[in-house]
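Q: The structure follows.
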Amino acid sequence: MGEVVLEVVEMTKHFPVRRRGREALTRLRRAVRAVDGVSFTLRRGRVTAMVGESGSGKSTVAKVVAQLDPPTGGEIRLHGQSVRVRGGRAFRAYCRRVQMIFQDPFASLNPVHTVRYHLTRALRVHGRPAADLPELLAQVQLSPPERYLDKFPHELSGGQRQRVAIARALGAGPEVLLADEPVSMLDVSIRLGVLNLLRDLKEQLDLAILYITHDIASARYFADDTLVMYAGRVVEGGDSETVTQAPAHPYTQLLIDSAPDPERRISPDTVGGEPPSLIDPPAGCRFHPRCPKAMARCGEQAPPRLEVGDRPGHWAACWLYEEAAS
Ligand code: SF4
């Protein structure tokens, strides 16, 4: 296990809902509870996947950790020091150590500037010489550099654009990469290449990577550890092999059953329903309205993290494991 670089402790992020009509005359204040009590650690030389369906709050976690959005509660610690920055020098200093890679490389690169401009600017902002430019392109396997330096984003393929976005993030010399669905906008044929690149970079540069994805199969392939999010909460965690091969939480089992597999026939009504509203989420376990194993207490009390099985570090927030843990 590598050194802990970044810790997230009991993070919450609520977005106030604008009051309309009669509601504006009342004191009622409602909020979308996008993230509620999320805790995890990122370690040097390890990839941690955060898996969940759309709207589960995983991208919000990445934005808050990147300090692009302030948390409503909880703490972010970098090397044990609590960090909360709003801009200016402190933000730049934080960005030097924690960089984000966005889902859509076409949107994250400026279409009127060349690769040379994007990367030189990143190096300059973070106090590095422009002479590091060829090395940066070599790190993301875009070589020879002169073939790419004067190209505009629209002259590159999707995979090459994402590699430029990764090179720009590396220009800061970060310790942590927050990769928000980094391959979901790419053609299936080039996804593996970008994931392999991130894995090589993790090993060469000893990076801690948070990999946000809705694809649990890619988490198994790429990540060392996996966290599963449902309706703003983390419901299961452990090493990726265990979480994906022996899922404990009924929601993780649903995610795995939903992954396409021509060899398996699943009954479409095994688990029905939709994710709940995060303005007024269900009491107790947020999965209980959909859970085929729900018990009376599931709708009243939120389950804590409970150890599962005999693999160290494997846990699930589910009352089914209460006896096993005690
Ligand atoms: Fe299902 Fe209850 Fe476990 Fe929630 S706590 S996942 S409702 S069994």
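Ordering of the structure tokens sets the chain letters (A, B, ...), residue numbers begin anew at 1 in every chain, and ligands are numbered from 1 in the order given.
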List all protein, DNA and RNA residues that have an atom no more than 10 Å from any atom of ligand 1, counting only C-alpha atoms and all ligand atoms, and report them as a ChimeraX atom specification.
A: /A:235,248-252,284-304,316-322
Q: Could you turn the residues from that selection into a file that holds N, CA and C atoms, as a compact mmCIF listing (two decimals), in the first residue's frame?
A:
```
# COMPACT_ATOMS: atom_id res chain seq x y z
N VAL A 235 -21.49 2.94 -1.07
CA VAL A 235 -22.18 1.81 -0.46
C VAL A 235 -21.31 0.55 -0.36
N ALA A 248 -20.83 -7.51 -2.61
CA ALA A 248 -21.60 -7.78 -1.39
C ALA A 248 -22.91 -6.99 -1.36
N HIS A 249 -22.86 -5.74 -1.76
CA HIS A 249 -24.05 -4.88 -1.66
C HIS A 249 -25.02 -5.21 -2.80
N PRO A 250 -26.32 -5.31 -2.51
CA PRO A 250 -27.27 -5.62 -3.59
C PRO A 250 -27.19 -4.65 -4.78
N TYR A 251 -26.81 -3.40 -4.53
CA TYR A 251 -26.71 -2.45 -5.64
C TYR A 251 -25.51 -2.80 -6.54
N THR A 252 -24.39 -3.19 -5.94
CA THR A 252 -23.22 -3.58 -6.74
C THR A 252 -23.58 -4.81 -7.57
N GLY A 284 -33.30 6.01 5.82
CA GLY A 284 -32.58 4.75 6.03
C GLY A 284 -31.62 4.47 4.89
N CYS A 285 -31.60 3.24 4.43
CA CYS A 285 -30.77 2.89 3.28
C CYS A 285 -31.43 3.45 2.03
N ARG A 286 -30.70 4.25 1.27
CA ARG A 286 -31.31 4.91 0.10
C ARG A 286 -31.67 3.92 -1.00
N PHE A 287 -31.16 2.71 -0.90
CA PHE A 287 -31.45 1.71 -1.94
C PHE A 287 -32.70 0.90 -1.60
N HIS A 288 -33.28 1.11 -0.41
CA HIS A 288 -34.32 0.17 0.04
C HIS A 288 -35.56 0.10 -0.87
N PRO A 289 -35.99 1.21 -1.54
CA PRO A 289 -37.17 1.05 -2.40
C PRO A 289 -36.94 0.09 -3.58
N ARG A 290 -35.68 -0.16 -3.94
CA ARG A 290 -35.39 -1.04 -5.09
C ARG A 290 -34.80 -2.37 -4.66
N CYS A 291 -34.50 -2.51 -3.39
CA CYS A 291 -33.68 -3.66 -2.97
C CYS A 291 -34.54 -4.91 -2.79
N PRO A 292 -34.20 -6.01 -3.45
CA PRO A 292 -34.98 -7.24 -3.29
C PRO A 292 -34.79 -7.89 -1.92
N LYS A 293 -33.77 -7.43 -1.17
CA LYS A 293 -33.49 -8.05 0.14
C LYS A 293 -33.85 -7.11 1.29
N ALA A 294 -34.60 -6.05 1.00
CA ALA A 294 -34.89 -5.04 2.04
C ALA A 294 -35.66 -5.65 3.21
N MET A 295 -35.30 -5.16 4.42
CA MET A 295 -35.97 -5.58 5.65
C MET A 295 -36.63 -4.34 6.26
N ALA A 296 -37.39 -4.54 7.32
CA ALA A 296 -38.12 -3.40 7.91
C ALA A 296 -37.18 -2.28 8.33
N ARG A 297 -36.08 -2.62 8.98
CA ARG A 297 -35.19 -1.57 9.49
C ARG A 297 -34.48 -0.79 8.37
N CYS A 298 -34.43 -1.36 7.16
CA CYS A 298 -33.70 -0.71 6.05
C CYS A 298 -34.32 0.65 5.71
N GLY A 299 -35.63 0.80 5.91
CA GLY A 299 -36.29 2.06 5.60
C GLY A 299 -36.23 3.06 6.74
N GLU A 300 -35.63 2.65 7.86
CA GLU A 300 -35.60 3.53 9.03
C GLU A 300 -34.19 3.96 9.41
N GLN A 301 -33.24 3.05 9.32
CA GLN A 301 -31.89 3.35 9.78
C GLN A 301 -30.89 3.20 8.64
N ALA A 302 -30.03 4.21 8.49
CA ALA A 302 -29.00 4.10 7.45
C ALA A 302 -27.92 3.14 7.94
N PRO A 303 -27.55 2.14 7.13
CA PRO A 303 -26.53 1.19 7.59
C PRO A 303 -25.14 1.81 7.60
N PRO A 304 -24.30 1.46 8.60
CA PRO A 304 -22.90 1.92 8.59
C PRO A 304 -22.07 1.01 7.69
N ALA A 316 -19.32 -3.19 3.14
CA ALA A 316 -20.56 -2.76 2.47
C ALA A 316 -21.43 -2.05 3.49
N ALA A 317 -22.11 -1.00 3.04
CA ALA A 317 -23.06 -0.30 3.92
C ALA A 317 -24.41 -0.99 3.72
N CYS A 318 -24.61 -2.10 4.41
CA CYS A 318 -25.81 -2.91 4.22
C CYS A 318 -26.06 -3.72 5.48
N TRP A 319 -27.31 -3.70 5.95
CA TRP A 319 -27.65 -4.41 7.19
C TRP A 319 -27.48 -5.92 7.07
N LEU A 320 -27.40 -6.43 5.85
CA LEU A 320 -27.25 -7.90 5.70
C LEU A 320 -25.97 -8.40 6.36
N TYR A 321 -24.99 -7.51 6.55
CA TYR A 321 -23.68 -7.95 7.06
C TYR A 321 -23.48 -7.60 8.53
N GLU A 322 -24.56 -7.22 9.20
CA GLU A 322 -24.40 -6.80 10.58
C GLU A 322 -23.90 -7.96 11.46
```
Q: Using only C-alpha atoms, which protein or nucleic acid residues come within 10 Å of A:Ala246? Drop anything in the same chain fewer than 5 positions from it, and give the result as an MDAnalysis selection string.
A: chainID A and resid 240:241 252:253 309 314
Q: Once you have the residues from the selection above, write them out as a short mmCIF file (atom, residue, chain, number, x, y, z; two decimals), in the first residue's frame, restricted to all heavy atoms.
A:
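Saved the output as out.cif:
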```
data_model
loop_
_atom_site.label_atom_id
_atom_site.label_comp_id
_atom_site.auth_asym_id
_atom_site.auth_seq_id
_atom_site.Cartn_x
_atom_site.Cartn_y
_atom_site.Cartn_z
N SER A 240 -10.40 -4.09 -6.09
CA SER A 240 -11.28 -4.19 -7.28
C SER A 240 -11.65 -5.63 -7.60
O SER A 240 -12.80 -5.91 -7.98
CB SER A 240 -10.60 -3.57 -8.50
OG SER A 240 -10.41 -2.21 -8.26
N GLU A 241 -10.71 -6.53 -7.45
CA GLU A 241 -10.97 -7.94 -7.76
C GLU A 241 -12.13 -8.46 -6.89
O GLU A 241 -13.07 -9.09 -7.38
CB GLU A 241 -9.68 -8.73 -7.50
CG GLU A 241 -9.74 -10.18 -7.86
CD GLU A 241 -9.74 -10.43 -9.37
OE1 GLU A 241 -9.36 -9.52 -10.12
OE2 GLU A 241 -10.17 -11.52 -9.77
N THR A 252 -24.39 -3.19 -5.94
CA THR A 252 -23.22 -3.58 -6.74
C THR A 252 -23.58 -4.81 -7.57
O THR A 252 -23.19 -4.93 -8.74
CB THR A 252 -22.01 -3.87 -5.83
OG1 THR A 252 -21.90 -2.85 -4.86
CG2 THR A 252 -20.73 -3.95 -6.63
N GLN A 253 -24.33 -5.72 -6.95
CA GLN A 253 -24.74 -6.92 -7.70
C GLN A 253 -25.60 -6.52 -8.90
O GLN A 253 -25.46 -7.06 -9.99
CB GLN A 253 -25.51 -7.87 -6.76
CG GLN A 253 -24.57 -8.49 -5.73
CD GLN A 253 -25.29 -9.09 -4.53
OE1 GLN A 253 -26.52 -9.11 -4.47
NE2 GLN A 253 -24.52 -9.55 -3.55
N GLY A 309 -16.96 -10.72 4.59
CA GLY A 309 -16.08 -11.84 4.22
C GLY A 309 -14.72 -11.78 4.88
O GLY A 309 -14.53 -11.12 5.91
N HIS A 314 -12.60 -5.12 2.68
CA HIS A 314 -13.85 -5.22 1.92
C HIS A 314 -15.01 -4.91 2.86
O HIS A 314 -15.16 -5.55 3.90
CB HIS A 314 -14.01 -6.63 1.33
CG HIS A 314 -15.20 -6.76 0.43
ND1 HIS A 314 -15.79 -7.97 0.14
CD2 HIS A 314 -15.92 -5.82 -0.26
CE1 HIS A 314 -16.79 -7.77 -0.70
NE2 HIS A 314 -16.90 -6.48 -0.94
#
```
Q: Set out as a tab-separated table a contact list for stretch 110-150 of chain A and stretch 174-191 of chain A with a cut-off of 12 Å, giving each residue of stretch 110-150 of chain A that qualifies its closest atom pair and distance in Å to one decimal, counting only C-alpha atoms, ordered by chain and rising residue number.
A:
```
residue	atom	partner	partner_atom	distance
A:Ala122	CA	A:Pro174	CA	11.9
A:Leu123	CA	A:Pro174	CA	11.9
A:His126	CA	A:Pro174	CA	10.1
```
Q: So that I can see what lies close to stretch 42-44 of chain A, please list as a ChimeraX atom specification the residues with an atom at most 6 Å from it, counting only C-alpha atoms and leaving out residues fewer than 6 positions away in the same chain.
A: /A:2-6,206-208
Q: Those same residues, written as a PDB file, in the first residue's frame with N, CA, C and O atoms?
A:
```pdb
ATOM      1  N   GLY A   2       0.648   2.163  -0.937  1.00  0.00           N
ATOM      2  CA  GLY A   2       1.437   3.395  -0.987  1.00  0.00           C
ATOM      3  C   GLY A   2       1.033   4.380   0.097  1.00  0.00           C
ATOM      4  O   GLY A   2       0.029   4.204   0.774  1.00  0.00           O
ATOM      5  N   GLU A   3       1.853   5.426   0.187  1.00  0.00           N
ATOM      6  CA  GLU A   3       1.592   6.488   1.168  1.00  0.00           C
ATOM      7  C   GLU A   3       0.264   7.189   0.847  1.00  0.00           C
ATOM      8  O   GLU A   3      -0.062   7.390  -0.332  1.00  0.00           O
ATOM      9  N   VAL A   4      -0.482   7.556   1.889  1.00  0.00           N
ATOM     10  CA  VAL A   4      -1.742   8.285   1.665  1.00  0.00           C
ATOM     11  C   VAL A   4      -1.397   9.707   1.215  1.00  0.00           C
ATOM     12  O   VAL A   4      -0.645  10.413   1.878  1.00  0.00           O
ATOM     13  N   VAL A   5      -1.911  10.109   0.067  1.00  0.00           N
ATOM     14  CA  VAL A   5      -1.656  11.466  -0.432  1.00  0.00           C
ATOM     15  C   VAL A   5      -2.851  12.359  -0.108  1.00  0.00           C
ATOM     16  O   VAL A   5      -2.712  13.458   0.416  1.00  0.00           O
ATOM     17  N   LEU A   6      -4.043  11.854  -0.387  1.00  0.00           N
ATOM     18  CA  LEU A   6      -5.230  12.699  -0.233  1.00  0.00           C
ATOM     19  C   LEU A   6      -6.325  11.934   0.515  1.00  0.00           C
ATOM     20  O   LEU A   6      -6.534  10.753   0.253  1.00  0.00           O
ATOM     21  N   ASP A 206       4.404   7.370  -9.967  1.00  0.00           N
ATOM     22  CA  ASP A 206       3.910   7.086  -8.613  1.00  0.00           C
ATOM     23  C   ASP A 206       2.684   7.953  -8.276  1.00  0.00           C
ATOM     24  O   ASP A 206       2.574   8.514  -7.186  1.00  0.00           O
ATOM     25  N   LEU A 207       1.779   8.054  -9.246  1.00  0.00           N
ATOM     26  CA  LEU A 207       0.612   8.929  -9.076  1.00  0.00           C
ATOM     27  C   LEU A 207      -0.489   8.226  -8.284  1.00  0.00           C
ATOM     28  O   LEU A 207      -0.630   7.001  -8.344  1.00  0.00           O
ATOM     29  N   ALA A 208      -1.273   9.025  -7.578  1.00  0.00           N
ATOM     30  CA  ALA A 208      -2.527   8.528  -6.997  1.00  0.00           C
ATOM     31  C   ALA A 208      -3.625   8.963  -7.972  1.00  0.00           C
ATOM     32  O   ALA A 208      -3.706  10.141  -8.316  1.00  0.00           O
TER      33      ALA A 208
END
```
Q: What's around A:Arg168 at 9 Å? Count only C-alpha atoms, leave out sequence neighbours fewer than 5 positions away in its own chain, and write the answer as an MDAnalysis selection string.
A: chainID A and resid 118:123 136 163
Q: Take the residues from that selection and write them out as a PDB file, in the first residue's frame, keeping all heavy atoms.
A:
```
ATOM      1  N   HIS A 118      -1.281  25.088 -25.693  1.00  0.00           N
ATOM      2  CA  HIS A 118      -1.882  24.500 -24.485  1.00  0.00           C
ATOM      3  C   HIS A 118      -0.813  24.017 -23.505  1.00  0.00           C
ATOM      4  O   HIS A 118      -0.894  24.263 -22.305  1.00  0.00           O
ATOM      5  CB  HIS A 118      -2.774  23.303 -24.863  1.00  0.00           C
ATOM      6  CG  HIS A 118      -4.105  23.704 -25.416  1.00  0.00           C
ATOM      7  ND1 HIS A 118      -4.388  23.700 -26.765  1.00  0.00           N
ATOM      8  CD2 HIS A 118      -5.241  24.115 -24.806  1.00  0.00           C
ATOM      9  CE1 HIS A 118      -5.633  24.088 -26.950  1.00  0.00           C
ATOM     10  NE2 HIS A 118      -6.180  24.346 -25.780  1.00  0.00           N
ATOM     11  N   LEU A 119       0.186  23.323 -24.063  1.00  0.00           N
ATOM     12  CA  LEU A 119       1.161  22.704 -23.157  1.00  0.00           C
ATOM     13  C   LEU A 119       2.178  23.717 -22.633  1.00  0.00           C
ATOM     14  O   LEU A 119       2.574  23.658 -21.465  1.00  0.00           O
ATOM     15  CB  LEU A 119       1.858  21.536 -23.861  1.00  0.00           C
ATOM     16  CG  LEU A 119       0.923  20.407 -24.319  1.00  0.00           C
ATOM     17  CD1 LEU A 119       1.713  19.230 -24.848  1.00  0.00           C
ATOM     18  CD2 LEU A 119       0.014  19.939 -23.182  1.00  0.00           C
ATOM     19  N   THR A 120       2.590  24.667 -23.496  1.00  0.00           N
ATOM     20  CA  THR A 120       3.547  25.680 -23.038  1.00  0.00           C
ATOM     21  C   THR A 120       2.924  26.503 -21.914  1.00  0.00           C
ATOM     22  O   THR A 120       3.574  26.833 -20.928  1.00  0.00           O
ATOM     23  CB  THR A 120       3.948  26.628 -24.207  1.00  0.00           C
ATOM     24  OG1 THR A 120       4.289  25.840 -25.321  1.00  0.00           O
ATOM     25  CG2 THR A 120       5.117  27.524 -23.845  1.00  0.00           C
ATOM     26  N   ARG A 121       1.649  26.815 -22.082  1.00  0.00           N
ATOM     27  CA  ARG A 121       0.953  27.612 -21.066  1.00  0.00           C
ATOM     28  C   ARG A 121       0.900  26.858 -19.733  1.00  0.00           C
ATOM     29  O   ARG A 121       1.146  27.421 -18.676  1.00  0.00           O
ATOM     30  CB  ARG A 121      -0.455  27.941 -21.571  1.00  0.00           C
ATOM     31  CG  ARG A 121      -1.172  28.933 -20.708  1.00  0.00           C
ATOM     32  CD  ARG A 121      -2.330  29.558 -21.440  1.00  0.00           C
ATOM     33  NE  ARG A 121      -3.002  30.503 -20.563  1.00  0.00           N
ATOM     34  CZ  ARG A 121      -3.969  30.159 -19.742  1.00  0.00           C
ATOM     35  NH1 ARG A 121      -4.373  28.910 -19.679  1.00  0.00           N
ATOM     36  NH2 ARG A 121      -4.534  31.075 -18.964  1.00  0.00           N
ATOM     37  N   ALA A 122       0.568  25.558 -19.823  1.00  0.00           N
ATOM     38  CA  ALA A 122       0.505  24.764 -18.583  1.00  0.00           C
ATOM     39  C   ALA A 122       1.865  24.743 -17.898  1.00  0.00           C
ATOM     40  O   ALA A 122       1.963  24.908 -16.671  1.00  0.00           O
ATOM     41  CB  ALA A 122       0.051  23.337 -18.905  1.00  0.00           C
ATOM     42  N   LEU A 123       2.937  24.575 -18.696  1.00  0.00           N
ATOM     43  CA  LEU A 123       4.282  24.545 -18.099  1.00  0.00           C
ATOM     44  C   LEU A 123       4.618  25.888 -17.458  1.00  0.00           C
ATOM     45  O   LEU A 123       5.145  25.951 -16.347  1.00  0.00           O
ATOM     46  CB  LEU A 123       5.318  24.200 -19.179  1.00  0.00           C
ATOM     47  CG  LEU A 123       5.293  22.747 -19.694  1.00  0.00           C
ATOM     48  CD1 LEU A 123       6.164  22.598 -20.934  1.00  0.00           C
ATOM     49  CD2 LEU A 123       5.767  21.785 -18.597  1.00  0.00           C
ATOM     50  N   LEU A 136       7.038  16.021 -22.291  1.00  0.00           N
ATOM     51  CA  LEU A 136       5.626  15.908 -21.918  1.00  0.00           C
ATOM     52  C   LEU A 136       4.855  15.096 -22.972  1.00  0.00           C
ATOM     53  O   LEU A 136       4.057  14.218 -22.641  1.00  0.00           O
ATOM     54  CB  LEU A 136       5.057  17.332 -21.831  1.00  0.00           C
ATOM     55  CG  LEU A 136       4.004  17.648 -20.794  1.00  0.00           C
ATOM     56  CD1 LEU A 136       4.406  17.167 -19.422  1.00  0.00           C
ATOM     57  CD2 LEU A 136       3.737  19.154 -20.778  1.00  0.00           C
ATOM     58  N   ARG A 163      -4.989  12.480 -24.915  1.00  0.00           N
ATOM     59  CA  ARG A 163      -3.586  12.383 -24.515  1.00  0.00           C
ATOM     60  C   ARG A 163      -3.000  13.785 -24.311  1.00  0.00           C
ATOM     61  O   ARG A 163      -2.198  14.008 -23.405  1.00  0.00           O
ATOM     62  CB  ARG A 163      -2.772  11.626 -25.577  1.00  0.00           C
ATOM     63  CG  ARG A 163      -2.979  10.130 -25.508  1.00  0.00           C
ATOM     64  CD  ARG A 163      -2.430   9.416 -26.719  1.00  0.00           C
ATOM     65  NE  ARG A 163      -2.931   8.056 -26.764  1.00  0.00           N
ATOM     66  CZ  ARG A 163      -2.285   6.985 -26.289  1.00  0.00           C
ATOM     67  NH1 ARG A 163      -1.095   7.125 -25.782  1.00  0.00           N
ATOM     68  NH2 ARG A 163      -2.831   5.796 -26.336  1.00  0.00           N
TER      69      ARG A 163
END
```
Q: Please provide as a PyMOL selection string all residues within 12 Å of A:Asp310, with the sequence filter that same-chain residues fewer than 2 positions apart are discarded (counting only C-alpha atoms).
A: chain A and resi 238+242+246+307-308+312-315+324-325
Q: May I ask for the distance between atom CA of A:Gly158 and atom CA of A:Tyr117, given in Å to one decimal place?
A: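 Straight-line distance from atom CA of A:Gly158 to atom CA of A:Tyr117 works out to 18.5 Å.
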Q: Have a look at atom CA of A:Thr60 and atom CA of A:Tyr221 and let me know their distance in Å, one decimal.
A: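 Atom-to-atom, atom CA of A:Thr60 to atom CA of A:Tyr221, that is 23.7 Å.
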Q: Using DSSP on the backbone coordinates, identify the residues of stretch 67-247 of chain A assigned to alpha helix (DSSP H); present them as number ranges by chain.
A: A: 88-97, 105-108, 115-125, 133-139, 158-170, 188-205, 216-222, 240-245
Q: Find the residue from A:Ala62, A:Leu278, A:Val38, A:Ala283 that sits nearest to A:Gly74; use only C-alpha atoms when measuring.
A: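 Result for the nearest residue to A:Gly74: A:Val38.
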Q: Residues within 12 Å of A:Lys63, please, as a count of residues only. Count only C-alpha atoms; anything in the same chain fewer than 6 positions from it doesn't count.
A: 18
Q: Counting only C-alpha atoms, which residue out of A:Glu75, A:Arg33, A:Arg305, A:Val115 sits closest to A:Gly55?
A: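 When distances to A:Gly55 are compared using only C-alpha atoms, the smallest one comes from A:Arg33.
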Q: Neighbouring residues of A:Tyr148 were defined as those with any atom within 9 Å, considering only C-alpha atoms; residues of the same chain fewer than 5 positions away were excluded. Please report them as a PyMOL selection string.
A: chain A and resi 114-116+137+142-143+156
Q: Based on the selection just made, write N, CA, C and O atoms of those residues as a CSV table (one decimal), in the first residue's frame.
A:
```csv
chain,number,residue,atom,x,y,z
A,114,THR,N,-3.2,25.9,-30.5
A,114,THR,CA,-2.5,24.6,-30.9
A,114,THR,C,-2.1,23.8,-29.7
A,114,THR,O,-2.1,24.3,-28.5
A,115,VAL,N,-1.6,22.6,-29.9
A,115,VAL,CA,-1.1,21.8,-28.8
A,115,VAL,C,0.1,22.5,-28.2
A,115,VAL,O,0.2,22.5,-26.9
A,116,ARG,N,0.9,23.1,-29.0
A,116,ARG,CA,2.1,23.8,-28.4
A,116,ARG,C,1.6,24.9,-27.4
A,116,ARG,O,2.2,25.0,-26.3
A,137,LEU,N,5.1,15.4,-24.2
A,137,LEU,CA,4.4,14.6,-25.3
A,137,LEU,C,4.9,13.2,-25.3
A,137,LEU,O,4.1,12.3,-25.6
A,142,LEU,N,2.9,10.6,-27.6
A,142,LEU,CA,2.6,11.3,-28.8
A,142,LEU,C,4.0,11.6,-29.4
A,142,LEU,O,4.6,12.6,-29.0
A,143,SER,N,4.5,10.8,-30.2
A,143,SER,CA,5.9,11.1,-30.8
A,143,SER,C,5.9,10.7,-32.3
A,143,SER,O,5.1,9.8,-32.7
A,156,LEU,N,-6.8,16.5,-34.5
A,156,LEU,CA,-6.4,15.3,-33.8
A,156,LEU,C,-7.6,14.3,-33.6
A,156,LEU,O,-8.7,14.7,-33.7
```
Q: Rank A:Gly80, A:Asp280, A:Thr244, A:Thr213 by their smallest atom-to-atom distance to A:Ser54, using only C-alpha atoms, and report the top residue only.
A: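 Result for the nearest residue to A:Ser54: A:Thr213.
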Q: For A:Asp257, which residue out of A:Gly171, A:Gly232, A:Glu274, A:Ala217 is the nearest one, using only C-alpha atoms?
A: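 Closest residue, counting only C-alpha atoms: A:Ala217.
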Q: Just give me the gap between atom CA of A:Asp239 and atom CA of A:Asp224 in Å, one decimal is fine.
A: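 Value for the atom CA of A:Asp239-atom CA of A:Asp224 distance: 5.9 Å.
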